Structures are given as C-alpha cells and as structure tokens.
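**Student:** Have a look at the structure that comes next, please.
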Amino acid sequence: MSYLSPPPGFRDYLPNEVENIRNVEKALRTVCESFGYREVITPTLEYADIISIGTNLKDETVFYRVIDKDGALLSMRPEFTTSIARVAATRFKEINVPLRFYYIGKVFRNISSQPLVQKEFTQGGIELIGDESIAGDIEVVSIIEEIFKALNLPIHIEIGHARILLSIIKATGTFIIDYIKKGDFVTIKNFIKDKNILEFVEAIPFLSGGKEVLEEAYKFIKYLPDLELPLNQLSSFISHLEELGYNMTKINLGMVRDFEYYTGITIEGYLEDLGLPVVGGGRYDGLLEKFGLPLPATGFAIGIERVASKIESKESIPDIVIGYSNGRFKEAMKLAQKERENGSKVEIFYCPNKEILNSLKGKKKVFLC
C-alpha cells in the first residue's frame with residue numbers, strides 16, 4: 001500500500017538520525033543561551049492574515065491552510081520570524097530592548113518535492129529585536145560560527161545586502177528581483193537600457209569573495225548612488241568580523257533571500273557537498289512595524305535536519321546490558337534501576353544462555369543465570 005509511506009516531502013527519522021538532530025539542537029541551545037538568548041515557543045498554526053502580512057510572499061500556495069470550526073482561516077507557520085515578531089509586538093511592548101529570543105520547532109511549506117527539500121522540517125534560530133547597529137548583525141554571524149564550531153562542521157557563510165537590489169530597482173523603476181533569481185538576463189536586458197547599470201547587474205552573480213568584490217562594486221556608485229550605503233556597511237561588517245577572529249564569512253552581492261521583509265545585511269550558510277543553504281537570515285527592520293511595534297531586528301534560521309545529515313552517525317549503545325535467565329527478571333529489573341539512578345543507560349534481555357548475551361551490543365554485560 002502506498003499509504004504506508006509518508007506523503008512526498010514528509011519523512012520518518014530513525015534513531016541514529018534523531019540523535020544527530022538532537023545534537024544540532026543541543027549545540028544551538030547551548031550557544032544561544034551563552035549569548036543571553038531565551039527560548040520562545042509559538043503555535044504551529046497562526047491566522048493566515050498574520051502569515052501573509054509578515055512574509056509578503058506573492059505565491060501563497062506555499063502555505064498549508066486549514067479552516068477551524070469557528071470559520072477562521074489558519075496557516076501552518078512557514079517560518080518563525082513572523083510569529084516571533086507578533087509575540088514581541090503584542091507581549092513585549094513595555095520591555096526594554098534589545099530582546100533576545102531563540103526557537104526550535106517545525107515549519108511547513110507546500111513546495112515541490114526535491115532531494116533535500118522537505119515540506120515539513122525543523123528550524124532553529126534567533127531573533128535580535130531592538131538593536132539597529134551593525135553590532136547586532138555581527139552578533140548574529142558570530143553565533144552562527146560558534147554553533148558550527150561546536151558541531152565541528154566547517155560552515156561557509158555568505159553575506160549580501162537587501163539594499164543592493166533595491167538601489168537598482170530605484171534607479172531603473174524595474175522590479176527585477178525575480179529575473180535575477182532565475183538568472184534570466186535576457187529579459188533584464190529588455191528592461192534596463194542604461195549600459196552602466198546593466199553592466200553592474202550582469203556582474204552581480206560573479207561579485208563573490210573578499211573586500212576586492214566591494215572595490216569592484218564601488219566603481220558603479222556614480223551610476224547607482226544608493227549603492228554606497230550597503231557597500232560601506234558590508235565593508236565595515238567584514239572588517240569587524242576579521243578583527244574578532246570570525247573568518248568563515250565572505251561577500252556575495254548577488255544574494256537574494258526568499259522572503260521580502262529583509263532590509264539590510266542578509267546571510268546564507270553552506271556546508272560542503274550540500275547544494276542548498278543550511279542557514280538563512282538577515283536584517284528586517286520594517287517587519288515589527290506591521291504589527292504596531294516599530295523596532296529594528298535581525299536574526300537567522302538553521303535547517304536542523306540538513307545540518308544533522310552532515311554529522312557522522314555513531315551507533316548509540318547502552319552502558320550496561322543485563323541478561324537474565326528463568327526466574328531472575330525482578331532481580332535484573334532492580335539491578336537496572338540502581339544503575340539508571342547512577343546515570344547509566346541500561347537494557348535488559350531474557351537470555352537463556354551467556355552466548356546470546358555476548359552477541360548483544362553494550363559497553364558492559366552482566367549475566368544473571
């Protein structure tokens with residue numbers, strides 16, 4: 001029966017996979033709390049209008065929606081940032097900023113099923129609310145690097161800036177973000193007539209690397225004056241990271257994030273041999289204002305399962321295996337209880353002979369014959 005398998009885009013996780021997932025979550029919790037972040041839990045379902053206002057996605061077919069018995073249209077959360085913005089705006093109006101929150105939980109997106117792309121997946125991340133300075137953005141990237149250092153996974157972080165594409169849109173009056181996402185430069189040529197601006201747009205996919213990328217981009221400021229602010233911010237950002245010893249980050253001026261609420265520095269992180277990002281985020285200074293709290297904010301989200309897939313699986317075996325023969329079950333249970341109280345992982349088995357016990361996996365074996 002086909003119904004014995006989960007629907008496309010959903011999957012089961014077996015014990016070794018779950019252990020790796022929990023290790024990623026543990027590293028995220030430990031690092032975030034060491035930076036002063038506190039965990040929040042938001043509902044899986046939100047009012048659909050809240051999700052629409054927050055994410056501002058044109059294609060709302062990516063949302064899983066349901067109608068409850070009261071007739072309200074609800075949406076399963078496709079990400080956490082909107083939900084946490086709502087919480088901050090409604091529950092923390094009178095609290096001194098900055099607010100530091102972290103979260104771990106499931107999100108749902110009704111997207112085409114592809115390898116590594118799940119419709120249900122776990123996100124863990126942070127939201128730093130109320131800090132408009134570049135120090136907030138630096139804190140975000142430093143937390144990412146610390147998490148992956150704790151996991152012993154080399155993360156490759158790319159940073160861009162939402163205002164780079166906005167400067168092109170402002171100068172040309174053309175909304176070209178979708179075309180840049182698709183790499184459709186034939187259509188872009190039809191819209192952008194200024195050859196100098198077009199030259200910059202065509203160069204964007206290749207402007208990735210260190211500060212030399214910024215030097216190349218600075219040449220176009222005379223044609224795109226609004227480029228100066230984001231380029232200056234990126235230059236300062238990279239310099240500060242280098243001085244602090246965080247060196248896993250490079251510049252990517254062609255970065256385009258999925259959600260349109262980003263207003264400043266944007267972030268993506270990659271692991272070797274994975275074609276999709278495992279980290280995404282950035283500054284979103286206008287989102288909370290939609291919910292009545294005009295505060296700046298920045299943050300990131302990690303795809304927990306994607307990261308966990310890169311952790312080498314180690315089979316978990318019990319500290320003690322107790323085998324018992326006829327009539328010794330209660331004795332085995334009492335011994336197991338005592339060892340568990342001491343912090344050991346203990347399994348018990350009925351073993352009519354010692355050879356069966358020896359075939360089982362365990363760091364220590366006890367046979368009650």
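Each chain in the structure tokens gets a letter, A, B and so on, in the order shown; residues start at 1 in every chain, and ligands are counted from 1 in the order they appear.
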Find the residues around Glu355 (chain A) up to 12 Å (only C-alpha atoms counted), leave out those fewer than 4 positions away in its own chain, and share them as an NGL selection string.

**Tutor:** :A and (323 or 350-351 or 359-360 or 365 or 367 or 369)

**Student:** Pick out the residues sitting within 10 Å of region 56-68 of chain A, and hand them over as a ChimeraX atom specification; count only C-alpha atoms, and ignore anything fewer than 3 positions along from it in its own chain.

**Tutor:** /A:45-48,50-53,71-78,108-112,119,258-261,287

**Student:** Can you spit out the residues from that selection as a PDB file, in the first residue's frame, using C-alpha atoms?

**Tutor:**
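To be explicit, this is the file written out as selection_19.pdb:
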ATOM      1  CA  LEU A  45      -0.994  27.447  13.455  1.00  0.00           C
ATOM      2  CA  GLU A  46      -1.338  31.210  13.034  1.00  0.00           C
ATOM      3  CA  TYR A  47      -4.101  33.296  11.489  1.00  0.00           C
ATOM      4  CA  ALA A  48      -3.496  33.244   7.736  1.00  0.00           C
ATOM      5  CA  ILE A  50      -0.699  37.290  10.022  1.00  0.00           C
ATOM      6  CA  ILE A  51       1.446  34.967   7.898  1.00  0.00           C
ATOM      7  CA  SER A  52       0.542  36.816   4.691  1.00  0.00           C
ATOM      8  CA  ILE A  53       1.320  40.234   6.176  1.00  0.00           C
ATOM      9  CA  GLY A  71     -14.628  29.527  10.363  1.00  0.00           C
ATOM     10  CA  ALA A  72     -11.224  31.190  10.844  1.00  0.00           C
ATOM     11  CA  LEU A  73      -8.641  30.702   8.094  1.00  0.00           C
ATOM     12  CA  LEU A  74      -5.416  29.462   9.668  1.00  0.00           C
ATOM     13  CA  SER A  75      -1.957  28.805   8.251  1.00  0.00           C
ATOM     14  CA  MET A  76       0.725  26.424   9.415  1.00  0.00           C
ATOM     15  CA  ARG A  77       3.831  28.525  10.018  1.00  0.00           C
ATOM     16  CA  PRO A  78       6.232  28.536   7.038  1.00  0.00           C
ATOM     17  CA  PHE A 108       5.719  23.727   6.834  1.00  0.00           C
ATOM     18  CA  ARG A 109       5.966  24.817   3.197  1.00  0.00           C
ATOM     19  CA  ASN A 110       3.924  23.354   0.357  1.00  0.00           C
ATOM     20  CA  ILE A 111       6.695  23.322  -2.221  1.00  0.00           C
ATOM     21  CA  SER A 112       7.712  20.912  -4.969  1.00  0.00           C
ATOM     22  CA  LYS A 119       7.688  20.214   3.150  1.00  0.00           C
ATOM     23  CA  ASP A 258      13.214  34.171  -0.313  1.00  0.00           C
ATOM     24  CA  PHE A 259      11.237  36.471   1.984  1.00  0.00           C
ATOM     25  CA  GLU A 260      10.899  40.133   1.048  1.00  0.00           C
ATOM     26  CA  TYR A 261      10.989  41.595   4.567  1.00  0.00           C
ATOM     27  CA  LEU A 287       8.550  43.809   9.898  1.00  0.00           C
TER      28      LEU A 287
END

**Student:** Under the rule of at most 10 Å, produce a per-residue listing of region 89-197 of chain A near region 22-26 of chain A: chain, number, name, the closest pair of atoms, and the distance in Å, as a tab-separated table, using only C-alpha atoms.

**Tutor:**
residue	atom	partner	partner_atom	distance
A:Tyr103	CA	A:Glu25	CA	9.8
A:Ile104	CA	A:Glu25	CA	7.4
A:Gly105	CA	A:Glu25	CA	9.9
A:Thr122	CA	A:Glu25	CA	9.7
A:Gln123	CA	A:Glu25	CA	9.4
A:Gly124	CA	A:Glu25	CA	7.3
A:Gly125	CA	A:Glu25	CA	9.8
A:Ile147	CA	A:Val24	CA	8.4
A:Phe148	CA	A:Val24	CA	8.8
A:Ala150	CA	A:Val24	CA	9.1
A:Leu151	CA	A:Val24	CA	7.1

**Student:** Pick out the residues sitting within 10 Å of Ala203 (chain A), and hand them over as an MDAnalysis selection string; count only C-alpha atoms, and ignore anything fewer than 5 positions along from it in its own chain.

**Tutor:** chainID A and resid 197:198 208 216:217 253:254

**Student:** Deliver the residues from the most recent selection as a file, using C-alpha atoms, as a PDB file, in the first residue's frame.

**Tutor:**
ATOM      1  CA  ILE A 197      23.696  49.804 -14.699  1.00  0.00           C
ATOM      2  CA  LEU A 198      23.211  46.762 -16.922  1.00  0.00           C
ATOM      3  CA  SER A 208      31.540  37.000  -4.583  1.00  0.00           C
ATOM      4  CA  GLU A 216      34.775  46.405  -7.961  1.00  0.00           C
ATOM      5  CA  ALA A 217      31.244  47.387  -6.930  1.00  0.00           C
ATOM      6  CA  LEU A 253      26.486  40.801  -3.722  1.00  0.00           C
ATOM      7  CA  GLY A 254      24.061  38.737  -5.795  1.00  0.00           C
TER       8      GLY A 254
END

**Student:** For Gly245 (chain A), which of A:Thr263, A:Ser344, A:Ser142, A:Gln337 is the closest residue, counting only C-alpha atoms?

**Tutor:**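 Among the listed residues, the smallest separation from Gly245 (chain A) belongs to A:Ser142.
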
**Student:** Using only C-alpha atoms, find the one residue out of A:Glu312, A:Glu228, A:Glu339, A:Asp285 that sits nearest to Glu127 (chain A).

**Tutor:** A:Asp285

**Student:** Restricting the calculation to only C-alpha atoms, which member of A:Gly343, A:Glu331, A:Leu165, A:Leu274 is positioned closest to Tyr262 (chain A)?

**Tutor:**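 Using only C-alpha atoms, the shortest distance to Tyr262 (chain A) belongs to A:Leu165.
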
**Student:** I'd like the interatomic distance between CA of Thr298 (chain A) and CA of Tyr37 (chain A), to a tenth of an Å.

**Tutor:**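 Distance between the two atoms: 13.3 Å.
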
**Student:** Could you tell me which of A:Ala85, A:Ala171, A:Val117, A:Leu128 comes closest to Pro8 (chain A) if we count only C-alpha atoms?

**Tutor:**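 Going through A:Ala85, A:Ala171, A:Val117, A:Leu128 one by one, the smallest distance to Pro8 (chain A) is for A:Val117.
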